[in-house]
$ cat upload.txt   # compact mmCIF, C-alpha atoms
# COMPACT_ATOMS: atom_id res chain seq x y z
CA MET T 1 -16.77 3.43 38.97
CA SER T 2 -18.67 0.99 36.73
CA THR T 3 -16.88 -1.19 34.21
CA SER T 4 -18.45 0.71 31.30
CA ILE T 5 -17.32 4.12 32.55
CA ARG T 6 -13.72 2.96 32.77
CA HIS T 7 -13.66 2.25 29.05
CA LEU T 8 -15.63 5.27 27.77
CA ARG T 9 -14.53 8.80 27.04
CA PRO T 10 -15.85 11.29 29.61
CA ARG T 11 -18.84 13.36 28.55
CA GLY T 12 -20.10 16.65 29.92
CA THR T 13 -16.75 17.82 31.29
CA GLY T 14 -16.41 20.68 28.83
CA GLU T 15 -13.05 19.34 27.68
CA THR T 16 -12.37 18.57 24.02
CA GLN T 17 -11.55 14.92 23.37
CA GLN T 18 -8.23 14.40 21.62
CA THR T 19 -7.13 11.87 19.03
CA THR T 20 -4.92 9.34 20.82
CA PRO T 21 -1.61 7.89 19.59
CA VAL T 22 -3.14 4.44 19.12
CA GLU T 23 -5.75 5.92 16.76
CA LEU T 24 -2.98 7.50 14.67
CA PHE T 25 -1.14 4.17 14.73
CA PHE T 26 -4.32 2.49 13.53
CA ASP T 27 -4.56 4.97 10.63
CA LEU T 28 -1.25 3.74 9.20
CA VAL T 29 -2.95 0.63 7.84
CA TYR T 30 -5.35 2.81 5.89
CA VAL T 31 -2.47 4.72 4.30
CA PHE T 32 -1.53 1.33 2.85
CA ALA T 33 -5.15 0.56 1.92
CA VAL T 34 -5.59 3.82 -0.01
CA THR T 35 -2.31 3.20 -1.84
CA GLN T 36 -3.54 -0.27 -2.78
CA LEU T 37 -6.70 1.22 -4.27
CA SER T 38 -4.91 3.80 -6.40
CA HIS T 39 -2.49 1.17 -7.72
CA GLN T 40 -5.40 -1.12 -8.50
CA ILE T 41 -6.88 1.55 -10.77
CA LEU T 42 -3.52 2.10 -12.46
CA ASP T 43 -3.09 -1.64 -13.01
CA ASP T 44 -6.50 -1.87 -14.69
CA LEU T 45 -7.34 1.50 -16.21
CA SER T 46 -10.74 0.45 -17.55
CA VAL T 47 -14.34 1.12 -16.63
CA ALA T 48 -14.55 -2.30 -14.95
CA GLY T 49 -11.29 -1.71 -13.09
CA VAL T 50 -12.42 1.67 -11.77
CA ALA T 51 -15.79 0.18 -10.77
CA ARG T 52 -14.08 -2.58 -8.79
CA ALA T 53 -11.81 -0.05 -7.07
CA ALA T 54 -14.81 2.16 -6.20
CA PHE T 55 -16.59 -0.87 -4.75
CA LEU T 56 -13.56 -1.70 -2.61
CA LEU T 57 -13.18 1.94 -1.52
CA LEU T 58 -16.67 1.81 -0.04
CA ILE T 59 -15.64 -1.19 2.05
CA VAL T 60 -12.35 0.36 3.18
CA TRP T 61 -14.09 3.59 4.18
CA TRP T 62 -16.85 1.68 5.98
CA ALA T 63 -14.29 -0.28 8.02
CA TRP T 64 -12.44 2.91 8.98
CA ILE T 65 -15.46 5.12 9.75
CA TYR T 66 -17.15 2.50 11.94
CA THR T 67 -13.94 2.16 13.96
CA THR T 68 -13.89 5.95 14.26
CA TRP T 69 -17.43 5.88 15.68
CA MET T 70 -16.32 3.33 18.26
CA ALA T 71 -13.21 5.31 19.23
CA ASN T 72 -15.36 8.41 19.66
CA TRP T 73 -17.25 6.63 22.45
CA PHE T 74 -14.46 4.51 23.91
CA ASP T 75 -11.22 5.89 25.33
CA PRO T 76 -8.17 4.05 23.98
CA GLY T 77 -5.91 6.42 25.88
CA ALA T 78 -7.22 5.39 29.31
CA SER T 79 -8.39 1.82 28.70
CA ALA T 80 -5.98 -1.01 27.89
CA PRO T 81 -8.82 -3.31 26.68
CA VAL T 82 -9.93 -0.64 24.19
CA ARG T 83 -6.35 -0.26 22.95
CA GLY T 84 -6.27 -4.03 22.57
CA VAL T 85 -9.45 -3.99 20.48
CA LEU T 86 -8.08 -1.26 18.21
CA THR T 87 -4.80 -3.12 17.79
CA ALA T 88 -6.66 -6.30 16.83
CA VAL T 89 -8.82 -4.33 14.40
CA MET T 90 -5.64 -2.86 12.95
CA LEU T 91 -4.21 -6.33 12.31
CA VAL T 92 -7.37 -7.56 10.61
CA SER T 93 -7.51 -4.31 8.59
CA LEU T 94 -3.95 -4.99 7.42
CA LEU T 95 -4.98 -8.45 6.21
CA MET T 96 -7.95 -6.95 4.40
CA ALA T 97 -5.82 -4.24 2.80
CA ALA T 98 -3.18 -6.76 1.71
CA ALA T 99 -5.89 -8.81 -0.02
CA LEU T 100 -7.45 -5.86 -1.88
CA PRO T 101 -5.68 -6.39 -5.24
CA GLU T 102 -6.91 -10.00 -5.34
CA ALA T 103 -10.31 -9.44 -3.74
CA PHE T 104 -11.93 -10.57 -6.99
CA GLY T 105 -9.26 -13.23 -7.50
CA ASP T 106 -7.53 -15.81 -5.35
CA ARG T 107 -7.71 -13.84 -2.08
CA ALA T 108 -11.47 -13.33 -1.94
CA LEU T 109 -11.96 -15.40 1.19
CA LEU T 110 -9.11 -13.63 3.03
CA PHE T 111 -10.53 -10.25 2.01
CA ALA T 112 -14.14 -11.03 2.94
CA GLY T 113 -13.21 -12.97 6.07
CA SER T 114 -10.99 -10.15 7.33
CA TYR T 115 -13.69 -7.56 6.72
CA VAL T 116 -16.39 -9.60 8.44
CA ALA T 117 -14.10 -10.38 11.38
CA LEU T 118 -13.27 -6.67 11.64
CA GLN T 119 -16.88 -5.50 11.66
CA VAL T 120 -18.49 -8.22 13.75
CA GLY T 121 -15.53 -8.62 16.10
CA ARG T 122 -15.19 -4.92 16.85
CA ASN T 123 -18.91 -4.52 17.51
CA ALA T 124 -19.02 -7.62 19.72
CA ALA T 125 -15.96 -6.48 21.68
CA ALA T 126 -17.48 -3.04 22.21
CA ALA T 127 -20.74 -4.56 23.46
CA ALA T 128 -18.79 -6.82 25.84
CA LEU T 129 -17.07 -3.77 27.36
CA LEU T 130 -20.43 -2.23 28.26
CA SER T 131 -22.78 -3.22 31.05
CA ARG T 132 -26.17 -4.55 30.01
CA ARG T 133 -27.90 -1.45 31.32
CA HIS T 134 -25.72 1.06 29.47
CA ARG T 135 -27.61 2.84 26.67
CA LEU T 136 -24.79 2.25 24.16
CA ARG T 137 -25.09 -1.49 24.69
CA GLU T 138 -28.26 -1.57 22.59
CA VAL T 139 -26.55 0.42 19.82
CA PHE T 140 -23.79 -2.18 19.53
CA GLU T 141 -26.21 -5.07 19.76
CA ARG T 142 -27.96 -3.63 16.71
CA LEU T 143 -24.61 -3.25 14.96
CA ILE T 144 -23.75 -6.89 15.65
CA VAL T 145 -26.99 -8.12 14.05
CA TRP T 146 -26.62 -5.97 10.92
CA SER T 147 -22.90 -6.71 10.46
CA ALA T 148 -23.49 -10.44 10.97
CA ALA T 149 -26.34 -10.44 8.43
CA SER T 150 -24.19 -8.77 5.79
CA GLY T 151 -21.26 -10.97 6.85
CA VAL T 152 -23.12 -14.08 5.72
CA LEU T 153 -23.42 -12.58 2.24
CA TRP T 154 -19.76 -11.51 2.18
CA LEU T 155 -18.51 -14.97 3.11
CA ALA T 156 -20.90 -16.79 0.81
CA GLY T 157 -19.95 -14.51 -2.06
CA ALA T 158 -16.26 -15.24 -1.51
CA THR T 159 -16.89 -18.88 -2.44
CA LEU T 160 -18.04 -17.90 -5.95
CA ASP T 161 -15.76 -17.17 -8.91
CA GLY T 162 -14.59 -13.76 -10.11
CA ASP T 163 -17.27 -11.17 -10.75
CA GLN T 164 -19.96 -13.73 -9.85
CA ARG T 165 -19.20 -12.71 -6.29
CA LEU T 166 -20.97 -9.44 -6.95
CA VAL T 167 -24.27 -11.31 -7.00
CA LEU T 168 -23.94 -11.58 -3.21
CA TRP T 169 -21.43 -8.82 -2.51
CA ILE T 170 -23.56 -6.01 -3.95
CA PRO T 171 -26.52 -6.86 -1.66
CA ALA T 172 -24.03 -7.20 1.23
CA LEU T 173 -22.63 -3.73 0.58
CA ALA T 174 -26.13 -2.30 0.08
CA LEU T 175 -27.09 -3.72 3.48
CA GLU T 176 -24.03 -2.12 5.04
CA LEU T 177 -24.67 1.28 3.48
CA ALA T 178 -28.39 1.26 4.30
CA ALA T 179 -27.92 0.33 7.96
CA PRO T 180 -27.22 3.81 9.41
CA ALA T 181 -30.02 5.42 7.38
CA ALA T 182 -32.38 2.64 8.51
CA GLY T 183 -31.48 3.30 12.14
CA TYR T 184 -30.32 -0.33 12.49
CA TRP T 185 -33.95 -1.41 12.61
CA LEU T 186 -34.63 -4.70 14.37
CA PRO T 187 -37.90 -6.63 14.72
CA GLY T 188 -39.57 -5.77 18.00
CA ARG T 189 -37.11 -2.95 18.70
CA GLY T 190 -37.78 -0.57 15.84
CA ARG T 191 -35.21 2.02 14.81
CA ALA T 192 -32.47 3.60 16.87
CA VAL T 193 -32.56 7.39 17.09
CA THR T 194 -29.44 9.41 16.35
CA THR T 195 -29.78 11.35 19.60
CA ASP T 196 -28.73 8.14 21.36
CA TYR T 197 -25.31 8.28 19.74
CA ASP T 198 -23.98 11.17 21.86
CA ILE T 199 -20.80 11.72 19.89
CA GLU T 200 -18.05 14.22 20.76
CA GLY T 201 -18.13 16.50 17.73
CA THR T 202 -14.63 17.95 17.79
CA HIS T 203 -12.97 14.54 18.01
CA PHE T 204 -15.16 13.07 15.27
CA ALA T 205 -14.50 15.96 12.86
CA GLU T 206 -10.79 15.79 13.59
CA ARG T 207 -10.66 12.07 12.86
CA CYS T 208 -12.29 12.58 9.45
CA GLN T 209 -9.86 15.40 8.74
CA VAL T 210 -7.04 12.95 9.45
CA PHE T 211 -8.40 10.56 6.82
CA ILE T 212 -8.45 13.40 4.29
CA ILE T 213 -4.78 14.00 5.14
CA ILE T 214 -4.14 10.27 4.63
CA ALA T 215 -5.67 10.42 1.14
CA LEU T 216 -3.86 13.64 0.23
CA GLY T 217 -0.59 12.26 1.60
CA GLU T 218 -0.97 9.15 -0.53
CA SER T 219 -1.27 11.43 -3.56
CA ILE T 220 2.03 13.09 -2.65
CA VAL T 221 3.72 9.71 -2.17
CA VAL T 222 2.42 8.27 -5.45
CA THR T 223 3.38 11.26 -7.59
CA GLY T 224 6.73 11.70 -5.87
CA ALA T 225 7.68 8.04 -6.30
CA THR T 226 6.57 8.04 -9.93
CA ALA T 227 8.60 11.17 -10.69
CA SER T 228 11.67 9.73 -8.99
CA ALA T 229 11.39 6.49 -10.96
CA ALA T 230 10.82 8.33 -14.25
CA GLY T 231 13.93 10.46 -13.83
CA LEU T 232 13.78 14.11 -12.86
CA THR T 233 13.92 15.62 -16.34
CA PRO T 234 12.58 19.16 -16.81
CA THR T 235 9.28 17.76 -18.12
CA VAL T 236 8.91 15.36 -15.19
CA VAL T 237 9.70 18.16 -12.72
CA LEU T 238 7.04 20.34 -14.37
CA CYS T 239 4.51 17.50 -14.11
CA LEU T 240 5.39 16.94 -10.46
CA VAL T 241 4.84 20.64 -9.75
CA VAL T 242 1.47 20.55 -11.52
CA ALA T 243 0.37 17.47 -9.57
CA PHE T 244 1.47 19.08 -6.30
CA VAL T 245 -0.43 22.29 -7.06
CA GLU T 246 -3.60 20.25 -7.56
CA THR T 247 -3.12 18.37 -4.29
CA ALA T 248 -2.30 21.56 -2.37
CA ALA T 249 -5.43 23.23 -3.77
CA LEU T 250 -7.57 20.28 -2.63
CA TRP T 251 -6.06 20.63 0.85
CA TRP T 252 -6.73 24.35 0.92
CA LEU T 253 -10.32 23.93 -0.21
CA TYR T 254 -11.07 21.36 2.51
CA PHE T 255 -9.23 22.90 5.43
CA GLY T 256 -10.86 26.29 5.31
CA THR T 257 -13.66 28.23 6.96
CA THR T 258 -16.27 25.57 6.33
CA THR T 259 -14.27 22.86 8.08
CA GLU T 260 -13.86 24.96 11.21
CA ASN T 261 -17.52 25.98 11.21
CA ALA T 262 -18.54 22.35 10.67
CA ARG T 263 -16.47 21.29 13.66
CA HIS T 264 -18.18 23.90 15.84
CA THR T 265 -21.62 22.95 14.52
CA LEU T 266 -21.03 19.27 15.21
CA GLN T 267 -19.89 20.09 18.73
CA SER T 268 -22.77 22.42 19.62
CA CYS T 269 -25.85 21.12 17.77
CA GLU T 270 -28.68 19.21 19.46
CA ASP T 271 -28.30 16.07 17.32
CA PRO T 272 -24.61 15.63 16.43
CA GLY T 273 -25.17 11.95 15.70
CA ARG T 274 -27.41 12.76 12.72
CA LEU T 275 -24.93 15.28 11.30
CA ALA T 276 -22.01 12.89 11.82
CA ARG T 277 -23.95 10.18 9.98
CA ASP T 278 -25.01 12.36 7.05
CA ALA T 279 -22.14 14.81 6.55
CA TYR T 280 -19.20 12.61 7.53
CA THR T 281 -20.15 8.93 7.28
CA TYR T 282 -21.92 9.37 3.92
CA ALA T 283 -20.94 12.73 2.37
CA HIS T 284 -17.19 12.26 2.85
CA LEU T 285 -17.15 9.29 0.48
CA PRO T 286 -17.14 11.36 -2.75
CA ILE T 287 -14.49 13.65 -1.24
CA VAL T 288 -12.15 10.73 -0.56
CA ALA T 289 -12.93 9.14 -3.94
CA GLY T 290 -12.12 12.42 -5.67
CA ILE T 291 -8.74 12.63 -3.95
CA ILE T 292 -7.84 9.07 -4.95
CA ALA T 293 -8.85 9.74 -8.56
CA THR T 294 -6.72 12.89 -8.55
CA ALA T 295 -3.77 10.88 -7.24
CA VAL T 296 -4.21 8.43 -10.12
CA ALA T 297 -4.36 11.39 -12.51
CA GLY T 298 -1.06 12.67 -11.15
CA GLU T 299 0.65 9.38 -11.85
CA LEU T 300 -0.81 9.23 -15.36
CA LEU T 301 0.46 12.75 -15.97
CA ILE T 302 4.03 11.98 -14.91
CA ALA T 303 4.14 8.64 -16.72
CA ALA T 304 2.99 10.00 -20.11
CA PRO T 305 2.63 13.81 -20.11
CA HIS T 306 2.48 14.30 -23.89
CA GLU T 307 0.05 11.49 -24.67
CA ALA T 308 -3.74 11.63 -24.74
CA PRO T 309 -4.81 9.80 -21.57
CA GLY T 310 -7.77 7.90 -23.05
CA GLY T 311 -11.36 7.91 -21.85
CA VAL T 312 -10.84 6.62 -18.32
CA GLY T 313 -7.69 8.71 -17.91
CA VAL T 314 -9.61 11.85 -18.87
CA VAL T 315 -12.24 10.99 -16.27
CA MET T 316 -9.52 10.62 -13.63
CA ILE T 317 -7.88 13.94 -14.54
CA LEU T 318 -11.05 16.03 -14.84
CA GLY T 319 -13.64 13.94 -13.02
CA GLY T 320 -11.59 13.36 -9.86
CA PRO T 321 -11.42 17.06 -8.88
CA ALA T 322 -15.03 17.54 -10.02
CA LEU T 323 -16.22 14.70 -7.76
CA TYR T 324 -14.20 16.19 -4.90
CA LEU T 325 -15.80 19.62 -5.33
CA LEU T 326 -19.31 18.17 -5.54
CA GLY T 327 -18.66 16.09 -2.41
CA GLU T 328 -17.43 19.17 -0.57
CA SER T 329 -20.51 21.10 -1.65
CA LEU T 330 -22.76 18.30 -0.40
CA PHE T 331 -20.86 18.24 2.90
CA CYS T 332 -21.21 22.00 3.29
CA TRP T 333 -24.91 21.92 2.44
CA ARG T 334 -25.61 19.25 5.04
CA MET T 335 -23.65 21.05 7.74
CA THR T 336 -24.72 24.63 7.08
CA GLY T 337 -27.66 24.57 4.68
CA VAL T 338 -25.57 26.61 2.23
CA THR T 339 -24.08 25.28 -1.02
CA SER T 340 -21.03 26.83 -2.67
CA SER T 341 -22.18 27.87 -6.12
CA LYS T 342 -18.54 28.64 -6.97
CA ARG T 343 -17.39 25.07 -6.34
CA VAL T 344 -20.39 23.61 -8.15
CA ALA T 345 -19.66 25.89 -11.13
CA VAL T 346 -16.02 24.79 -11.34
CA ALA T 347 -17.06 21.14 -11.01
CA ALA T 348 -19.59 21.59 -13.81
CA LEU T 349 -16.94 23.19 -16.02
CA LEU T 350 -14.57 20.26 -15.45
CA ILE T 351 -17.33 17.79 -16.31
CA LEU T 352 -18.21 19.72 -19.49
CA LEU T 353 -14.57 19.46 -20.59
CA VAL T 354 -14.57 15.64 -20.37
CA PRO T 355 -15.95 15.01 -23.90
CA PHE T 356 -13.16 17.16 -25.37
CA GLY T 357 -10.38 15.76 -23.20
CA GLY T 358 -9.51 12.90 -25.52
CA GLU T 359 -8.03 15.37 -28.01
CA LEU T 360 -5.60 16.89 -25.49
CA SER T 361 -2.48 15.62 -23.76
CA ALA T 362 -2.40 14.71 -20.09
CA LEU T 363 -0.18 17.73 -19.44
CA VAL T 364 -2.58 20.21 -21.04
CA LEU T 365 -5.57 18.75 -19.18
CA SER T 366 -3.69 18.79 -15.90
CA LEU T 367 -2.59 22.39 -16.44
CA VAL T 368 -6.27 23.32 -16.85
CA VAL T 369 -7.10 21.66 -13.53
CA ALA T 370 -4.02 23.14 -11.84
CA SER T 371 -5.19 26.59 -12.98
CA LEU T 372 -8.86 26.25 -12.03
CA LEU T 373 -8.41 24.87 -8.51
CA PRO T 374 -6.01 27.56 -7.21
CA ALA T 375 -8.14 30.21 -8.96
CA LEU T 376 -11.13 28.87 -7.01
CA VAL T 377 -9.14 29.14 -3.78
CA VAL T 378 -8.20 32.75 -4.53
CA TRP T 379 -11.76 33.57 -5.64
CA GLU T 380 -13.19 32.35 -2.36
CA ARG T 381 -10.51 34.07 -0.28
CA GLN T 382 -11.14 37.40 -2.01
CA LEU T 383 -14.89 37.20 -1.58
CA ILE T 384 -14.58 36.37 2.10
CA GLN T 385 -12.81 39.68 2.73
CA THR T 386 -16.04 41.68 2.31
CA PRO T 387 -18.24 42.21 5.40
CA ARG T 388 -21.20 40.50 3.72
CA ALA T 389 -19.06 37.49 2.79
CA ARG T 390 -17.67 37.27 6.30
CA ARG T 391 -21.22 37.00 7.61
CA ALA T 392 -21.95 34.28 5.03
CA ALA T 393 -18.77 32.47 6.02
CA ALA T 394 -20.03 32.28 9.57
CA SER T 395 -22.67 29.87 8.24
CA GLY T 396 -20.51 28.02 5.76
CA TYR T 397 -19.14 30.05 2.86
$ encode --input "upload.txt" --output "structure tokens"
Amino acid sequence: MSTSIRHLRPRGTGETQQTTPVELFFDLVYVFAVTQLSHQILDDLSVAGVARAAFLLLIVWWAWIYTTWMANWFDPGASAPVRGVLTAVMLVSLLMAAALPEAFGDRALLFAGSYVALQVGRNAAAAALLSRRHRLREVFERLIVWSAASGVLWLAGATLDGDQRLVLWIPALALELAAPAAGYWLPGRGRAVTTDYDIEGTHFAERCQVFIIIALGESIVVTGATASAAGLTPTVVLCLVVAFVETAALWWLYFGTTTENARHTLQSCEDPGRLARDAYTYAHLPIVAGIIATAVAGELLIAAPHEAPGGVGVVMILGGPALYLLGESLFCWRMTGVTSSKRVAVAALLILLVPFGGELSALVLSLVVASLLPALVVWERQLIQTPRARRAAASGY
């Protein structure tokens, strides 16, 4: 058995690859990271504050999803070196997450240095575990070059002051986000093709579902802790119920027929790497962002239910679920070629309500959302009972 084979997950056996305990252990850091992001928005509920949090979310997601790609190829359950790499990545991720609130302040170098060490170090370790003739070796060599190139910009930007860092950090992030779409192009080597990625679809879809659970779980924790601290008065209990109904509806909308069909499609299609890149690596970003915004909305609701939430608060309460629904529709379209007109319609209605939201209390706005989302769930469930809808559901909705 070659050295590479010992570290890689088996392919072609017909067996579904499972998420390993060390991957779930690794995810715990990202529970903390998502909580940090939601608190950052609450600490600076302004357009600039939300923009900074969105910028940092892209980095957190990129760190997690790239590690998920690696763990889809490598087998942490059977290989101690792979478990070691994931544990080291977990430690560096913890440092990065701890530095998030001060990423634009005094902890910029710790934040940027941790992220660069995470990306470059993981890719270099993966390449070292592969023989020079293994086809995945070239994939990771490309990753090393691209992550090192952006790493220079991250580290240089960390030496600047405050928002001046964005002069270098925005190009660094743009380089990161463009890399998969560009096929990790290198001079003399051209682009990589997604058919080289050879991912295991069921495992990859399951890992992304776990991250959705992480984000939804953070919403439960944030609203529950806020309600407990505020005192469980009848009004606070009502607000907690409303926030929970919203979160439960988001869960129901994601973990439905489309998710199961997407998992099967990813497992059986001819180019799962392309679908994993488009539908999961890219299209899951608005879904996660929508969940985090909804979690922030829940805390705003419990903290001041009878007050008008202000412009940014209205966007969190109405725009968060709308962004989630649009992200889900994009995900479904990429996986099945079918878009849910029902979800797009509800998202459009929520967006149209934003200009009028400043006249209403947080409780009234949240009750609107907590009515629309479950109604959407019921609407879809009723339609899927007809024979024609069941046939449509086989392809997505």
$ residues_around --input "upload.txt" --residues "Phe55 in chain T" --least-positions-apart "4" --cutoff "9 Å" --atoms "only C-alpha atoms" --output "ChimeraX atom specification"
/T:50-51,59,170,173
$ closest_residue --input "upload.txt" --among "T:Arg122, T:Arg277, T:Arg83, T:His134" --to "Val193 in chain T" --atoms "all atoms listed in the file"
T:Arg277
$ axis_aligned_box --input "upload.txt" --around "range 207-226 of chain T" --padding-each-side "3 Å" --output "JSON"
{"center_x": -2.3, "center_y": 11.7, "center_z": 1.5, "size_x": 26.0, "size_y": 13.4, "size_z": 28.8}
$ residues_around --input "upload.txt" --residues "range 211-213 of chain T" --least-positions-apart "4" --cutoff "9 Å" --atoms "all atoms listed in the file" --output "number ranges by chain"
T: 27, 30-31, 64, 206-207, 217-218, 251, 254, 284, 287-288, 291
$ residues_around --input "upload.txt" --residues "Met335 in chain T" --least-positions-apart "5" --cutoff "10 Å" --atoms "all atoms listed in the file" --output "mmCIF file with C-alpha atoms, keeping the file's coordinate frame"
data_model
loop_
_atom_site.group_PDB
_atom_site.id
_atom_site.type_symbol
_atom_site.label_atom_id
_atom_site.label_comp_id
_atom_site.auth_asym_id
_atom_site.auth_seq_id
_atom_site.Cartn_x
_atom_site.Cartn_y
_atom_site.Cartn_z
ATOM 1 C CA THR T 258 -16.270 25.570 6.330
ATOM 2 C CA THR T 259 -14.270 22.860 8.080
ATOM 3 C CA ASN T 261 -17.520 25.980 11.210
ATOM 4 C CA ALA T 262 -18.540 22.350 10.670
ATOM 5 C CA ARG T 263 -16.470 21.290 13.660
ATOM 6 C CA THR T 265 -21.620 22.950 14.520
ATOM 7 C CA LEU T 266 -21.030 19.270 15.210
ATOM 8 C CA LEU T 275 -24.930 15.280 11.300
ATOM 9 C CA ALA T 276 -22.010 12.890 11.820
ATOM 10 C CA ASP T 278 -25.010 12.360 7.050
ATOM 11 C CA ALA T 279 -22.140 14.810 6.550
ATOM 12 C CA TYR T 280 -19.200 12.610 7.530
ATOM 13 C CA SER T 329 -20.510 21.100 -1.650
ATOM 14 C CA LEU T 330 -22.760 18.300 -0.400
ATOM 15 C CA SER T 395 -22.670 29.870 8.240
ATOM 16 C CA GLY T 396 -20.510 28.020 5.760
#
$ closest_residue --input "upload.txt" --among "T:Thr336, T:Ala205, T:Ala156, T:Ala249" --to "Ser371 in chain T" --atoms "all atoms listed in the file"
T:Ala249
$ closest_residue --input "upload.txt" --among "T:Leu8, T:Val237, T:Val222, T:Ala80" --to "Ser131 in chain T" --atoms "all atoms listed in the file"
T:Leu8
$ atom_distance --input "upload.txt" --atom1 "CA of Ala53 in chain T" --atom2 "CA of Leu37 in chain T"
6.0 Å
$ residues_around --input "upload.txt" --residues "Leu86 in chain T" --least-positions-apart "6" --cutoff "9 Å" --atoms "only C-alpha atoms" --output "ChimeraX atom specification"
/T:22-23,26,67,71,76,122
$ write_last_selection --input "upload.txt" --atoms "C-alpha atoms" --output "PDB file, in the frame of the given file"
ATOM      1  CA  VAL T  22      -3.140   4.440  19.120  1.00  0.00           C
ATOM      2  CA  GLU T  23      -5.750   5.920  16.760  1.00  0.00           C
ATOM      3  CA  PHE T  26      -4.320   2.490  13.530  1.00  0.00           C
ATOM      4  CA  THR T  67     -13.940   2.160  13.960  1.00  0.00           C
ATOM      5  CA  ALA T  71     -13.210   5.310  19.230  1.00  0.00           C
ATOM      6  CA  PRO T  76      -8.170   4.050  23.980  1.00  0.00           C
ATOM      7  CA  ARG T 122     -15.190  -4.920  16.850  1.00  0.00           C
TER       8      ARG T 122
END
$ atom_distance --input "upload.txt" --atom1 "CA of Val221 in chain T" --atom2 "CA of Trp62 in chain T"
23.5 Å
$ residues_around --input "upload.txt" --residues "Asp106 in chain T" --least-positions-apart "4" --cutoff "10 Å" --atoms "only C-alpha atoms" --output "VMD selection string"
chain T and resid 99 101 to 102 110 to 111 158 161 to 162
$ atom_distance --input "upload.txt" --atom1 "CA of Ala215 in chain T" --atom2 "CA of Ser147 in chain T"
26.0 Å
$ closest_residue --input "upload.txt" --among "T:Ala112, T:Val29, T:Leu155, T:Ala54" --to "Val89 in chain T" --atoms "all atoms listed in the file"
T:Val29
$ closest_residue --input "upload.txt" --among "T:Val354, T:Leu118, T:Leu363, T:Leu56" --to "Gly311 in chain T" --atoms "only C-alpha atoms"
T:Val354
